[in-house]
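What follows is a set of notes on a single structure, which appears directly below.
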Amino acid sequence: MKPNSEALEAAIVRLLAARKQTLALAESCTGGLIAHRLTNVAGASAVLLCGVVSYSNQAKMDFLGVRAESLATHGAVSEVVAREMAEGARHRTRSDYALAITGIAGPTGGTPEKPVGTVFIALAQAAGTQVLRNLNVFDRETFKRVTSDQALDLLRKVADNAAPQSK
(Lines give C-alpha, C1' and ligand atoms only; values in the text may rest on other atoms or scores of the structure.)
Protein backbone atom coordinates (compact mmCIF):
# COMPACT_ATOMS: atom_id res chain seq x y z
CA MET A 1 0.00 0.00 0.00
CA LYS A 2 1.33 3.46 -0.90
CA PRO A 3 1.77 6.02 1.85
CA ASN A 4 -1.45 7.97 2.45
CA SER A 5 -3.43 5.48 0.37
CA GLU A 6 -6.76 4.28 1.67
CA ALA A 7 -6.86 0.79 3.18
CA LEU A 8 -8.94 -1.72 1.23
CA GLU A 9 -11.43 -2.15 4.06
CA ALA A 10 -11.90 1.62 4.42
CA ALA A 11 -12.40 2.02 0.67
CA ILE A 12 -15.04 -0.72 0.68
CA VAL A 13 -16.94 0.72 3.63
CA ARG A 14 -16.84 4.19 2.06
CA LEU A 15 -17.97 2.95 -1.37
CA LEU A 16 -20.75 0.65 -0.18
CA ALA A 17 -22.03 3.17 2.39
CA ALA A 18 -22.20 5.91 -0.25
CA ARG A 19 -24.29 3.58 -2.42
CA LYS A 20 -26.35 2.25 0.48
CA GLN A 21 -25.22 -1.28 -0.39
CA THR A 22 -24.61 -4.14 2.00
CA LEU A 23 -22.25 -7.05 2.45
CA ALA A 24 -22.36 -10.49 4.04
CA LEU A 25 -19.34 -12.68 4.71
CA ALA A 26 -18.88 -16.45 4.76
CA GLU A 27 -15.35 -17.14 5.95
CA SER A 28 -13.70 -20.47 6.56
CA CYS A 29 -9.89 -20.46 6.37
CA THR A 30 -9.62 -16.72 7.10
CA GLY A 31 -11.34 -17.30 10.44
CA GLY A 32 -13.19 -13.99 10.56
CA LEU A 33 -10.23 -11.80 9.56
CA ILE A 34 -12.22 -10.02 6.87
CA ALA A 35 -15.01 -9.21 9.33
CA HIS A 36 -12.37 -8.04 11.80
CA ARG A 37 -10.77 -5.74 9.25
CA LEU A 38 -14.08 -4.26 8.13
CA THR A 39 -15.34 -3.68 11.67
CA ASN A 40 -12.18 -1.71 12.45
CA VAL A 41 -13.54 0.96 10.08
CA ALA A 42 -15.92 3.54 11.48
CA GLY A 43 -19.26 3.29 9.68
CA ALA A 44 -18.97 -0.42 8.91
CA SER A 45 -22.28 -1.05 10.65
CA ALA A 46 -24.06 0.62 7.73
CA VAL A 47 -22.51 -1.90 5.35
CA LEU A 48 -21.73 -5.24 7.03
CA LEU A 49 -24.86 -7.26 7.77
CA CYS A 50 -23.39 -10.56 8.90
CA GLY A 51 -20.22 -12.58 9.06
CA VAL A 52 -20.25 -16.36 9.43
CA VAL A 53 -17.10 -18.31 10.23
CA SER A 54 -18.14 -21.67 8.84
CA TYR A 55 -15.06 -23.71 9.63
CA SER A 56 -16.82 -27.08 9.67
CA ASN A 57 -18.75 -28.72 6.85
CA GLN A 58 -21.79 -28.91 9.13
CA ALA A 59 -21.70 -25.14 9.66
CA LYS A 60 -21.42 -24.61 5.90
CA MET A 61 -24.59 -26.67 5.45
CA ASP A 62 -26.53 -25.33 8.44
CA PHE A 63 -25.83 -21.62 8.13
CA LEU A 64 -25.10 -21.14 4.43
CA GLY A 65 -27.11 -23.83 2.71
CA VAL A 66 -24.14 -25.62 1.16
CA ARG A 67 -25.36 -28.94 -0.18
CA ALA A 68 -24.04 -32.16 1.36
CA GLU A 69 -23.66 -33.51 -2.19
CA SER A 70 -21.35 -30.62 -3.11
CA LEU A 71 -19.15 -31.28 -0.09
CA ALA A 72 -19.06 -35.03 -0.74
CA THR A 73 -18.35 -34.68 -4.46
CA HIS A 74 -16.04 -31.67 -4.58
CA GLY A 75 -14.78 -31.19 -1.01
CA ALA A 76 -15.03 -28.13 1.22
CA VAL A 77 -12.17 -26.46 -0.64
CA SER A 78 -13.68 -26.17 -4.11
CA GLU A 79 -15.16 -23.71 -6.55
CA VAL A 80 -18.60 -25.28 -6.10
CA VAL A 81 -18.60 -24.94 -2.31
CA ALA A 82 -17.19 -21.39 -2.39
CA ARG A 83 -19.98 -20.44 -4.82
CA GLU A 84 -22.66 -22.03 -2.63
CA MET A 85 -21.25 -20.33 0.47
CA ALA A 86 -21.37 -16.88 -1.16
CA GLU A 87 -24.79 -17.38 -2.70
CA GLY A 88 -26.16 -18.81 0.55
CA ALA A 89 -24.84 -15.87 2.57
CA ARG A 90 -26.26 -13.37 0.08
CA HIS A 91 -29.64 -15.08 -0.09
CA ARG A 92 -30.02 -15.53 3.67
CA THR A 93 -29.05 -11.93 4.50
CA ARG A 94 -30.55 -10.27 1.41
CA SER A 95 -27.28 -8.37 0.99
CA ASP A 96 -26.10 -6.71 -2.19
CA TYR A 97 -22.79 -8.58 -2.05
CA ALA A 98 -21.47 -11.67 -0.28
CA LEU A 99 -17.86 -12.79 -0.08
CA ALA A 100 -16.96 -16.39 0.70
CA ILE A 101 -13.55 -17.88 1.30
CA THR A 102 -12.55 -21.54 1.66
CA GLY A 103 -9.03 -22.92 1.48
CA ILE A 104 -6.17 -24.93 2.91
CA ALA A 105 -4.01 -22.76 5.15
CA GLY A 106 -1.64 -25.62 6.06
CA PRO A 107 0.87 -26.68 6.98
CA THR A 108 -0.97 -30.00 6.46
CA GLY A 109 -4.13 -30.98 4.63
CA GLY A 110 -3.04 -30.51 1.03
CA THR A 111 -3.31 -33.02 -1.79
CA PRO A 112 -1.71 -33.12 -5.25
CA GLU A 113 -4.94 -31.66 -6.71
CA LYS A 114 -5.35 -29.11 -3.91
CA PRO A 115 -1.97 -28.32 -2.38
CA VAL A 116 -1.53 -26.35 0.83
CA GLY A 117 -2.22 -22.72 -0.02
CA THR A 118 -5.15 -23.45 -2.34
CA VAL A 119 -7.97 -20.98 -1.77
CA PHE A 120 -11.27 -20.22 -3.47
CA ILE A 121 -12.75 -16.73 -3.14
CA ALA A 122 -16.34 -16.25 -4.29
CA LEU A 123 -18.22 -12.99 -4.72
CA ALA A 124 -22.00 -13.17 -5.16
CA GLN A 125 -24.12 -10.25 -6.37
CA ALA A 126 -27.33 -9.77 -8.32
CA ALA A 127 -25.40 -10.00 -11.62
CA GLY A 128 -24.05 -13.44 -10.71
CA THR A 129 -21.25 -15.10 -8.81
CA GLN A 130 -17.59 -15.22 -9.69
CA VAL A 131 -14.99 -17.46 -8.11
CA LEU A 132 -11.23 -17.06 -8.06
CA ARG A 133 -8.78 -19.87 -7.35
CA ASN A 134 -5.46 -18.76 -5.94
CA LEU A 135 -2.42 -20.49 -4.52
CA ASN A 136 -1.10 -18.67 -1.44
CA VAL A 137 1.79 -20.72 -0.11
CA PHE A 138 2.69 -18.99 3.15
CA ASP A 139 2.60 -19.62 6.87
CA ARG A 140 -0.97 -19.60 8.28
CA GLU A 141 -0.97 -15.99 9.44
CA THR A 142 0.42 -14.66 6.16
CA PHE A 143 -1.95 -16.93 4.22
CA LYS A 144 -4.92 -15.41 6.04
CA ARG A 145 -3.72 -11.83 5.48
CA VAL A 146 -2.93 -12.31 1.78
CA THR A 147 -6.22 -14.15 1.19
CA SER A 148 -8.21 -11.43 2.96
CA ASP A 149 -6.44 -8.81 0.81
CA GLN A 150 -7.36 -10.75 -2.35
CA ALA A 151 -11.00 -11.07 -1.31
CA LEU A 152 -11.34 -7.41 -0.34
CA ASP A 153 -9.60 -6.32 -3.54
CA LEU A 154 -12.00 -8.41 -5.64
CA LEU A 155 -14.97 -6.81 -3.89
CA ARG A 156 -13.52 -3.31 -4.28
CA LYS A 157 -12.89 -3.78 -8.01
CA VAL A 158 -16.33 -5.27 -8.68
CA ALA A 159 -18.21 -2.70 -6.57
CA ASP A 160 -16.17 0.18 -8.00
CA ASN A 161 -17.00 -0.88 -11.56
CA ALA A 162 -20.67 -1.67 -10.89
CA ALA A 163 -23.31 0.90 -11.54
CA PRO A 164 -24.97 2.03 -8.32
CA GLN A 165 -27.99 -0.18 -7.66
CA SER A 166 -31.30 0.98 -6.29
CA LYS A 167 -33.09 -1.19 -3.77
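Going through the C-alpha coordinates in order, the chains are called A, B, and so on, while each chain numbers its residues from 1 and the ligands are numbered from 1 in the order shown.
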
Check the DSSP output for the backbone and give back, as a VMD selection string, the residues of region 7-160 of chain A in alpha helix (DSSP H).
chain A and resid 8 to 19 33 to 39 57 to 64 68 to 74 79 to 93 140 to 160

With only C-alpha atoms as the counted atoms, please give the residues lying no more than 9 Å from region 116-132 of chain A, apart from itself and same-chain residues fewer than 4 positions off, as a VMD selection string.
chain A and resid 29 77 to 87 89 to 90 95 to 111 136 to 140 143 147 150 to 151 154 to 155 158

Check chain A with DSSP on the backbone and list each residue it calls strand (DSSP E or B), as an MDAnalysis selection string.
chainID A and resid 23:27 48:53 97:103 118:125 128:135

Measuring atom to atom with only C-alpha atoms, identify which of A:Ser28, A:Asn40, A:Thr73, A:Gln21 is nearest to Ser56 (chain A).
A:Ser28

Excluding Arg37 (chain A) and its own-chain neighbours fewer than 3 positions away, which residues fall within 10 Å of it when counting only C-alpha atoms? Please give them as a list in words.
Ala7, Leu8, Glu9, Ala10, Gly32, Leu33, Ile34, Asn40, Val41, Ala44, Ser148, Asp149 and Leu152 of chain A

Nearest to Leu23 (chain A) by atom-to-atom distance, counting only C-alpha atoms, from A:Thr93, A:Ser70, A:Asn161, A:Gln58
A:Thr93

Show me, as a PyMOL selection string, the residues that have an atom within 8 Å of Lys20 (chain A) when counting only C-alpha atoms, minus same-chain residues fewer than 4 positions from it.
chain A and resi 16+46-47

Name all residues at most 9 Å from Ser54 (chain A) (count only C-alpha atoms; drop same-chain ones fewer than 4 positions away) and give them as a PyMOL selection string.
chain A and resi 26-29+31+58-61+63-64

Selection above as a file: N, CA and C atoms, as a short mmCIF file (atom, residue, chain, number, x, y, z; two decimals), in the first residue's frame:
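Saved to result04.cif:
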```cif
data_model
loop_
_atom_site.label_atom_id
_atom_site.label_comp_id
_atom_site.auth_asym_id
_atom_site.auth_seq_id
_atom_site.Cartn_x
_atom_site.Cartn_y
_atom_site.Cartn_z
N ALA A 26 -18.89 -15.03 4.40
CA ALA A 26 -18.88 -16.45 4.76
C ALA A 26 -17.41 -16.87 4.72
N GLU A 27 -16.78 -16.86 5.88
CA GLU A 27 -15.35 -17.14 5.95
C GLU A 27 -15.10 -18.51 6.54
N SER A 28 -14.15 -19.21 5.98
CA SER A 28 -13.70 -20.47 6.56
C SER A 28 -12.24 -20.30 6.96
N CYS A 29 -11.32 -20.46 6.04
CA CYS A 29 -9.89 -20.46 6.37
C CYS A 29 -9.35 -19.11 6.84
N GLY A 31 -10.96 -17.32 9.04
CA GLY A 31 -11.34 -17.30 10.44
C GLY A 31 -11.94 -16.01 10.97
N GLN A 58 -20.43 -29.00 8.58
CA GLN A 58 -21.79 -28.91 9.13
C GLN A 58 -22.24 -27.45 9.19
N ALA A 59 -21.36 -26.57 9.61
CA ALA A 59 -21.70 -25.14 9.66
C ALA A 59 -21.97 -24.60 8.25
N LYS A 60 -21.20 -25.05 7.29
CA LYS A 60 -21.42 -24.61 5.90
C LYS A 60 -22.83 -25.01 5.44
N MET A 61 -23.25 -26.21 5.82
CA MET A 61 -24.59 -26.67 5.45
C MET A 61 -25.66 -25.95 6.26
N PHE A 63 -25.69 -23.08 8.14
CA PHE A 63 -25.83 -21.62 8.13
C PHE A 63 -25.82 -21.01 6.74
N LEU A 64 -25.24 -21.72 5.76
CA LEU A 64 -25.10 -21.14 4.43
C LEU A 64 -25.83 -21.90 3.35
#
```

Using only C-alpha atoms, which of A:Ala24, A:Val146, A:Ile12, A:Ala18 sits nearest Val53 (chain A)?
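The closest residue to Val53 (chain A) is A:Ala24.
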
Counting only C-alpha atoms, the residue of A:Ala76, A:Ala11, A:Leu25, A:Ala68 that sits nearest Gly43 (chain A)
A:Ala11

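The interatomic distance for the pair CA of Ala17 (chain A) and CA of Asp62 (chain A) works out to 29.5 Å.
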
To one decimal place in Å, what is the distance between CA of His36 (chain A) and CA of Val66 (chain A)?
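Pair CA of His36 (chain A) / CA of Val66 (chain A) returns 23.7 Å.
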